[in-house]
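Have a look at the structure below before the remarks.
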Amino acid sequence: MTRAITFPGQGSQAVGMGKDLAAAFLAAREVFQEVDEALKQKLSALMFEGPADTLVLTENAQPALMAVSLAVIRVLEREVGFSFGRHAAYVAGHSLGEYSALAAAGALQLPDAARLLKRRGQAMQRAVPVGEGAMAALLGVELDGAKKLAEKAAQGQVCAIANDNGAGQVVLSGSKGAIDRAIALAPEFGIKRAMALSVSAPFHSPLLEPAAREMQEALGSVTISPPKVPVIANVTVQPVSDPETIRRLLVEQVTGLVRWRETVESFKGLGVTQAVEAGAGKVLTGLAKRIDRELDALAIGTPAEIEAFGKTL
């Protein structure tokens with residue numbers, strides 16, 4: 001069996017995430033402590049107890065989701081002998097999950113990944129004044145149809161494809177006026193449902209260029225090592241191991257399209273037969289099952305799921 005480990009993005013966070021892992025495993029507690037110390041913030045307490053309106057803030061949600069994913073991986077490595085190369089051939093992550101993937105595979109040190117994601121969240125928030133940007137989820141449309149809608153809705157403003165999640169789900173991002181027009185125009189394009197997303201910034205759109213410049217500076221000051229296994233990059237859907245290419249693609253990712261449908265579709269050509277989502281929630285697992293019905297997709301985020309998965313290695 002050839003396996004890819006995938007790592008969730010923003011939206012998978014929930015109060016209480018990671019708490020059962022911390023209660024059950026020293027390795028998980030060590031990850032959460034390391035992240036807390038790196039950020040000089042009691043992020044683990046926020047993850048375990050809330051409040052939800054503080055956890056959902058981009059600068060908190062991003063490092064928190066990474067911490068849970070890394071806790072799962074560290075527990076797997078220590079408790080069941082999991083290792084990249086022997087038990088997984090590739091990693092991939094959805095947006096911020098790419099940082100989780102790189103940290104899990106040893107390309108980024110855990111404290112660096114936590115600090116980078118904290119800054120990434122803050123930079124994204126600073127890039128566009130509150131109320132000027134927006135995002136919308138389109139259901140029942142594929143990429144080409146979404147592109148046509150975006151072109152018509154733009155009218156001189158930014159209306160970009162942010163996420164091609166597959167299974168008829170595409171996310172738009174850009175100027176609030178353009179996104180509002182896209183929602184109103186959606187029925188003309190045969191789109192089943194278009195709904196505004198409760199987000200703090202227009203992620204993965206050209207409006208986030210100031211955040212991309214800030215992340216270029218931040219990434220320039222950290223060490224990136226060759227990962228133990230290749231990461232399938234969000235913006236190119238190609239396996240990459242070269243540290244300088246990884247650095248460049250993480251900058252491009254801030255404003256670029258998250259090509260998740262193509263990422264899952266690429267697994268078949270790489271010989272991947274199982275996709276394992278490590279971390280909070282099961283969003284990527286649901287998408288994977290709908291994109292490729294032949295792919296064995298599962299999520300591991302609880303002690304019971306880790307135990308069950310360990311028995312299959």
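Residue numbering restarts at 1 in every chain; chains get A, B, ... in the order shown in the structure tokens, and ligands count up from 1 in that same order.
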
Exercise. If you run DSSP on the backbone, which residues of segment 29-277 of chain A are helix (DSSP H, G or I), as a VMD selection string?
Worked result: chain A and resid 29 to 39 43 to 49 52 to 55 58 to 80 97 to 104 110 to 127 143 to 154 176 to 189 206 to 219 243 to 255 260 to 269

For this session: Quick one: everything within 9 Å of segment 184-188 of chain A, counting only C-alpha atoms, minus sequence neighbours fewer than 3 positions away in the same chain. Send it as a list in words.
Result: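 Neighbouring residues, sequence-local ones excluded: Leu138, Ala146, Leu149, Lys152, Ala153, Ile179, Asp180, Arg181, Ile191, Lys192, Arg193 and Ala194 of chain A.
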
Seminar exercise, completed: In terms of only C-alpha atoms, the residue from A:Gly174, A:Gly97, A:Gly145, A:Pro8 at minimal distance from Val231 of chain A is A:Gly97

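Candidate residues A:Val72, A:Arg3, A:Gly168, A:Met135 were compared for distance to Ser205 of chain A, and the nearest is A:Met135, using only C-alpha atoms.
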
For this session: Just the residues within 8 Å of Gly310 of chain A, please, counting only C-alpha atoms, with nothing from its chain fewer than 2 positions along; format it as a ChimeraX atom specification.
Result: /A:76,80,82,306-308,312-313

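Take atom CA of Arg115 of chain A and atom CA of Ala92 of chain A: the distance between them is 20.0 Å.
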
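Counting only C-alpha atoms and comparing A:Val237, A:Ala24, A:Ala278, A:Leu143, the residue that lies closest to Trp260 of chain A is A:Val237.
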
Exercise. Near Asn234 of chain A, within 8 Å and counting only C-alpha atoms, which residues show up once chain neighbours fewer than 5 positions away are dropped, as number ranges by chain?
Worked result: A: 92-95, 98, 253, 257-260, 263
